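Have a look at model_30.tsv below; it lists TSV, C-alpha atoms.
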```
chain	number	residue	atom	x	y	z
A	1003	MET	CA	35.65	-7.35	4.12
A	1004	PRO	CA	38.41	-8.65	1.85
A	1005	SER	CA	38.23	-11.99	0.07
A	1006	LEU	CA	41.19	-14.12	-0.95
A	1007	ARG	CA	41.40	-12.63	-4.44
A	1008	THR	CA	41.41	-9.04	-3.13
A	1009	PHE	CA	44.35	-9.40	-0.73
A	1010	SER	CA	46.75	-8.16	-3.39
A	1011	VAL	CA	44.93	-4.81	-3.73
A	1012	LEU	CA	44.45	-3.99	-0.04
A	1013	GLU	CA	45.63	-0.59	1.14
A	1014	HIS	CA	48.11	-0.40	4.00
A	1015	GLU	CA	45.42	0.68	6.48
A	1016	GLU	CA	43.13	-2.17	5.38
A	1017	TRP	CA	45.95	-4.66	5.94
A	1018	ARG	CA	46.66	-3.17	9.36
A	1019	ILE	CA	43.06	-3.50	10.51
A	1020	LEU	CA	42.70	-7.01	9.08
A	1021	LYS	CA	45.81	-8.15	10.96
A	1022	ALA	CA	44.57	-6.47	14.13
A	1023	LEU	CA	41.17	-8.19	13.99
A	1024	VAL	CA	42.71	-11.61	13.30
A	1025	PHE	CA	44.99	-11.31	16.34
A	1026	GLN	CA	42.13	-10.04	18.50
A	1027	SER	CA	39.90	-12.95	17.43
A	1028	VAL	CA	42.57	-15.61	18.01
A	1029	SER	CA	43.98	-14.33	21.29
A	1030	PRO	CA	43.42	-11.10	23.23
A	1031	LYS	CA	46.90	-11.57	24.73
A	1032	LEU	CA	48.40	-11.76	21.25
A	1033	ALA	CA	46.43	-8.68	20.30
A	1034	LYS	CA	47.85	-6.77	23.26
A	1035	LYS	CA	51.36	-7.86	22.34
A	1036	ASN	CA	50.90	-6.46	18.84
A	1037	GLU	CA	49.46	-3.19	20.17
A	1038	ILE	CA	46.07	-3.59	18.52
A	1039	ILE	CA	44.01	-0.41	18.20
A	1040	THR	CA	40.44	-0.11	16.97
A	1041	TYR	CA	39.17	1.43	13.75
A	1042	SER	CA	37.02	4.52	13.41
A	1043	HIS	CA	35.00	6.03	10.53
A	1044	LEU	CA	33.09	9.26	10.10
A	1045	LEU	CA	29.75	8.45	8.45
A	1046	THR	CA	27.16	10.60	6.69
A	1047	PRO	CA	23.63	10.70	8.13
A	1048	VAL	CA	20.76	9.44	5.97
A	1049	PHE	CA	18.07	9.58	8.64
A	1050	VAL	CA	18.52	10.59	12.29
A	1051	PRO	CA	15.54	10.45	14.72
A	1052	LYS	CA	15.08	13.61	16.78
A	1053	ARG	CA	15.99	12.06	20.12
A	1054	PHE	CA	18.92	9.99	18.89
A	1055	SER	CA	22.27	10.79	20.49
A	1056	SER	CA	24.34	7.60	20.33
A	1057	VAL	CA	24.09	3.84	20.40
A	1058	GLU	CA	26.49	1.12	21.46
A	1059	ALA	CA	25.67	-2.42	20.34
A	1060	PRO	CA	27.10	-5.48	18.55
A	1061	LEU	CA	27.51	-5.16	14.77
A	1062	VAL	CA	25.91	-7.76	12.47
A	1063	GLY	CA	25.01	-7.93	8.80
A	1064	GLY	CA	26.66	-8.26	5.42
A	1065	ASN	CA	25.40	-8.40	1.86
A	1066	PHE	CA	21.89	-6.92	1.58
A	1067	PHE	CA	20.57	-9.57	-0.84
A	1068	VAL	CA	21.91	-12.50	1.21
A	1069	TRP	CA	20.72	-11.07	4.54
A	1070	ASN	CA	17.27	-10.41	3.05
A	1071	THR	CA	16.97	-13.81	1.39
A	1072	LEU	CA	17.72	-15.68	4.62
A	1073	LEU	CA	14.83	-14.03	6.49
A	1074	GLY	CA	12.36	-16.68	7.60
A	1075	THR	CA	14.89	-19.53	7.39
A	1076	LYS	CA	16.84	-21.27	10.14
A	1077	ASN	CA	19.94	-19.43	8.93
A	1078	ALA	CA	18.43	-15.94	9.23
A	1079	GLY	CA	20.56	-13.32	10.94
A	1080	ASN	CA	19.42	-11.77	14.21
A	1081	ALA	CA	19.66	-7.98	14.35
A	1082	ARG	CA	17.52	-7.41	17.46
A	1083	GLY	CA	19.24	-4.96	19.77
A	1084	LYS	CA	22.14	-4.61	17.33
A	1085	ILE	CA	23.58	-2.35	14.65
A	1086	LEU	CA	22.87	-3.73	11.18
A	1087	PHE	CA	25.52	-3.32	8.45
A	1088	LEU	CA	24.47	-3.65	4.79
A	1089	GLU	CA	26.38	-3.50	1.49
A	1090	GLU	CA	25.58	-4.52	-2.09
A	1091	ILE	CA	26.94	-4.89	-5.60
A	1092	GLN	CA	25.29	-4.75	-9.05
A	1093	GLU	CA	21.66	-4.58	-7.94
A	1094	ASN	CA	19.47	-1.93	-9.55
A	1095	VAL	CA	17.76	0.48	-7.20
A	1096	GLY	CA	14.31	-0.90	-7.97
A	1097	ARG	CA	15.36	-4.27	-6.52
A	1098	LEU	CA	17.03	-2.54	-3.57
A	1099	ASN	CA	13.76	-0.77	-2.85
A	1100	ARG	CA	11.98	-4.14	-2.79
A	1101	PHE	CA	14.71	-5.54	-0.51
A	1102	ALA	CA	14.13	-2.66	1.92
A	1103	HIS	CA	10.36	-3.13	2.02
A	1104	HIS	CA	10.71	-6.90	2.41
A	1105	LEU	CA	13.21	-6.48	5.25
A	1106	GLU	CA	10.77	-4.15	6.97
A	1107	GLN	CA	7.57	-6.14	6.40
A	1108	ALA	CA	9.19	-9.49	7.27
A	1109	GLY	CA	10.07	-8.18	10.73
A	1110	GLY	CA	13.78	-7.88	10.05
A	1111	LEU	CA	13.96	-4.42	11.63
A	1112	LYS	CA	12.31	-5.21	14.96
A	1113	SER	CA	14.42	-3.77	17.80
A	1114	VAL	CA	17.28	-2.86	15.42
A	1115	ARG	CA	19.26	-0.07	17.09
A	1116	ALA	CA	20.76	1.47	13.94
A	1117	ILE	CA	21.72	0.73	10.32
A	1118	VAL	CA	25.10	1.55	8.77
A	1119	LEU	CA	25.65	1.27	5.02
A	1120	GLY	CA	28.83	0.24	3.25
A	1121	ASP	CA	29.63	0.30	-0.47
A	1122	PHE	CA	26.78	-0.09	-2.96
A	1123	LEU	CA	28.89	-0.76	-6.05
A	1124	ASP	CA	27.28	-0.43	-9.51
A	1125	CYS	CA	23.80	-0.15	-7.98
A	1126	ASN	CA	22.29	2.07	-10.64
A	1127	ASP	CA	18.81	3.06	-11.69
A	1128	SER	CA	17.35	1.18	-14.67
A	1129	VAL	CA	14.49	2.77	-16.61
A	1130	PRO	CA	12.10	0.85	-18.90
A	1131	GLN	CA	12.06	1.99	-22.52
A	1132	CYS	CA	8.97	2.89	-24.54
A	1133	LEU	CA	8.16	4.17	-28.03
A	1134	GLN	CA	8.41	7.93	-28.45
A	1135	ASN	CA	5.76	7.97	-31.19
A	1136	PRO	CA	3.27	5.57	-32.77
A	1137	PRO	CA	4.80	3.14	-35.33
A	1138	PRO	CA	4.84	4.32	-38.96
A	1139	ASP	CA	1.88	3.18	-41.06
A	1140	HIS	CA	3.98	1.32	-43.64
A	1141	VAL	CA	5.73	-1.11	-41.22
A	1142	ASP	CA	4.74	-4.58	-40.07
A	1143	LEU	CA	3.35	-3.73	-36.62
A	1144	THR	CA	4.16	-7.11	-35.04
A	1145	GLU	CA	7.79	-7.12	-36.15
A	1146	TYR	CA	8.22	-3.43	-35.32
A	1147	LEU	CA	7.04	-3.95	-31.72
A	1148	LYS	CA	9.25	-7.03	-31.33
A	1149	ASN	CA	12.40	-5.21	-32.47
A	1150	PRO	CA	11.85	-1.44	-32.51
A	1151	PRO	CA	14.81	0.69	-33.63
A	1152	LYS	CA	16.76	2.23	-30.76
A	1153	SER	CA	16.19	5.69	-32.22
A	1154	ALA	CA	12.44	5.21	-31.66
A	1155	LEU	CA	12.78	4.46	-27.94
A	1156	THR	CA	12.97	6.73	-24.92
A	1157	GLY	CA	12.94	6.22	-21.16
A	1158	LEU	CA	9.65	6.25	-19.28
A	1159	ARG	CA	11.23	8.71	-16.86
A	1160	GLU	CA	14.56	10.33	-16.08
A	1161	VAL	CA	17.33	8.21	-14.57
A	1162	VAL	CA	17.83	8.94	-10.88
A	1163	PRO	CA	21.49	9.17	-9.73
A	1164	SER	CA	22.46	6.19	-7.58
A	1165	ASN	CA	23.27	8.18	-4.42
A	1166	GLU	CA	19.98	10.08	-4.58
A	1167	ALA	CA	18.00	6.87	-5.07
A	1168	LEU	CA	19.75	5.08	-2.20
A	1169	ASP	CA	19.25	8.03	0.14
A	1170	PHE	CA	15.55	8.13	-0.81
A	1171	ILE	CA	15.12	4.38	-0.12
A	1172	PHE	CA	16.93	4.33	3.21
A	1173	LYS	CA	15.65	7.69	4.45
A	1174	GLY	CA	12.10	6.38	4.04
A	1175	LEU	CA	13.04	3.13	5.75
A	1176	GLY	CA	14.56	4.98	8.70
A	1177	ASP	CA	11.69	7.46	8.97
A	1178	ARG	CA	8.99	4.79	9.00
A	1179	ASN	CA	10.78	2.75	11.66
A	1180	LYS	CA	12.52	5.60	13.55
A	1181	ILE	CA	15.89	3.90	13.13
A	1182	PRO	CA	19.06	5.99	12.68
A	1183	ILE	CA	20.72	5.24	9.34
A	1184	PHE	CA	24.19	6.36	8.27
A	1185	ARG	CA	26.22	5.64	5.14
A	1186	GLY	CA	29.91	5.63	4.33
A	1187	VAL	CA	31.41	2.54	6.00
A	1188	PRO	CA	34.41	1.78	3.73
A	1189	ALA	CA	33.57	-1.91	3.38
A	1190	GLY	CA	31.93	-4.12	0.79
A	1191	HIS	CA	32.80	-5.69	-2.56
A	1192	GLY	CA	35.09	-2.80	-3.43
A	1193	PRO	CA	36.79	-0.54	-4.09
A	1194	ASN	CA	36.96	-0.42	-0.28
A	1195	HIS	CA	37.84	-3.65	1.53
A	1196	HIS	CA	37.98	-2.54	5.14
A	1197	SER	CA	37.49	-5.35	7.66
A	1198	LEU	CA	34.65	-5.22	10.19
A	1199	PHE	CA	34.56	-7.09	13.50
A	1200	LEU	CA	31.04	-8.57	13.29
A	1201	GLY	CA	29.56	-9.61	16.62
A	1202	GLN	CA	31.70	-7.10	18.51
A	1203	ALA	CA	30.33	-3.93	20.12
A	1204	HIS	CA	30.49	-0.73	18.05
A	1205	ARG	CA	29.55	2.82	18.97
A	1206	LEU	CA	27.64	5.13	16.63
A	1207	GLN	CA	27.18	8.81	17.54
A	1208	LYS	CA	24.84	11.47	16.20
A	1209	ASN	CA	27.72	13.27	14.48
A	1210	GLY	CA	28.43	10.13	12.44
A	1211	GLN	CA	31.43	8.89	14.41
A	1212	PHE	CA	31.42	5.09	14.20
A	1213	HIS	CA	34.04	2.92	15.84
A	1214	LEU	CA	34.83	-0.54	17.13
A	1215	LYS	CA	34.73	-0.90	20.90
A	1216	LEU	CA	37.45	-2.98	22.53
A	1217	SER	CA	37.78	-2.79	26.30
A	1218	GLY	CA	40.54	-0.50	27.44
A	1219	ARG	CA	41.40	0.74	23.94
A	1220	LYS	CA	40.71	3.94	22.06
A	1221	PRO	CA	39.70	4.23	18.39
A	1222	ALA	CA	42.47	4.98	15.89
```
Structure rendered as structure tokens:
Amino acid sequence: MPSLRTFSVLEHEEWRILKALVFQSVSPKLAKKNEIITYSHLLTPVFVPKRFSSVEAPLVGGNFFVWNTLLGTKNAGNARGKILFLEEIQENVGRLNRFAHHLEQAGGLKSVRAIVLGDFLDCNDSVPQCLQNPPPDHVDLTEYLKNPPKSALTGLREVVPSNEALDFIFKGLGDRNKIPIFRGVPAGHGPNHHSLFLGQAHRLQKNGQFHLKLSGRKPA
């Protein structure tokens, strides 16, 4: 999903797909003239229900924070009967976990057919710091607690790698709601800027094959 300032860094394939989707949106005849073909990606499963084989439905979604924040407003997105795409940038995994639970408890997953995840750039785990040992007897306790030396601090727990944390969050979300969830769509704030045809039918298979459906055309 490239923005104006990222056009200069788009890969050849990203440019090709962007051009294809623009022509298809403006005029199907123009698209045919330019020999438009659809895109296809092989995704990695996060959670797959036992009886899931494939789904074909319109794709909706976007930035996780924005989609989540709009729930309950007149501008909320509608993912019922659709495949929901989510991506994010610079949100710690604790906040992402809250986003996921809010999305679920606010009814944002009712009748969702599947979830596909794009880039989650710089979404790292942040761990609160605490004192390793009691303060020394000779220090001013109030000042010491306000500005403890870094050498006296340690994390409350170990830092969880981003991919492990994200898989844990979304695997639980999929398991509780029996929704297939896959990751690896090369779209988001970067470094991947692949275009997605939101509102158009996409097909997602159990093996992770995910592609845009355009009548009479095969995926690239």
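Pairwise distance (atom CA of His1195 of chain A, atom CA of Lys1180 of chain A) equals 29.5 Å.
Using all atoms listed in the file, the shortest contact distance between Gln1131 of chain A and any of A:Glu1145, A:Glu1160, A:Glu1058, A:Glu1089 is found at A:Glu1160.
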With a distance cut-off of 6 Å and all atoms listed in the file, select the neighbouring residues of segment 1199-1213 of chain A, excluding the residue or stretch itself and same-chain residues fewer than 5 positions from it, and output the selection as a ChimeraX atom specification. /A:1041-1046,1055-1062
Taking all atoms listed in the file into account, name the residue in A:Gln1107, A:Ser1128, A:Gln1134, A:Asn1165 that is nearest to Asn1179 of chain A. A:Gln1107
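Here the question is which of A:Val1161, A:Cys1125, A:Leu1147, A:Leu1073 gets nearest to Glu1093 of chain A using all atoms listed in the file, and that residue is A:Cys1125.
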Go ahead and find all residues with at least one atom no further than 12 Å from (5.3, 7.6, -32.6) in the file's coordinates, using only C-alpha atoms; report them as a PyMOL selection string. chain A and resi 1132-1139+1146-1147+1150-1151+1153-1156
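The protein and nucleic acid residues lying at most 7 Å from segment 1167-1174 of chain A are Val1048, Phe1049, Val1095, Asn1099, Val1162, Pro1163 and Arg1178 of chain A, with all atoms listed in the file considered and sequence neighbours fewer than 4 positions away removed.
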Atom CA of Gly1063 of chain A to atom CA of Ala1108 of chain A, straight-line distance in Å: 16.0 Å
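Considering only C-alpha atoms, the residue among A:Val1068, A:Ile1091, A:Ala1189, A:Ala1078 positioned nearest to Gly1120 of chain A is A:Ala1189.
Between atom CA of Thr1071 of chain A and atom CA of Leu1086 of chain A there is a distance of 15.2 Å.
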Give me, as number ranges by chain, all polymer residues having an atom no more than 9 Å from Phe1101 of chain A, counting all atoms listed in the file and skipping those fewer than 5 positions away in the same chain. A: 1066-1067, 1070-1071, 1096, 1106
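Proximity to Ala1081 of chain A was assessed for A:Gly1176, A:Gly1064, A:Pro1188, A:Gly1110 counting all atoms listed in the file; the smallest distance is recorded for A:Gly1110.
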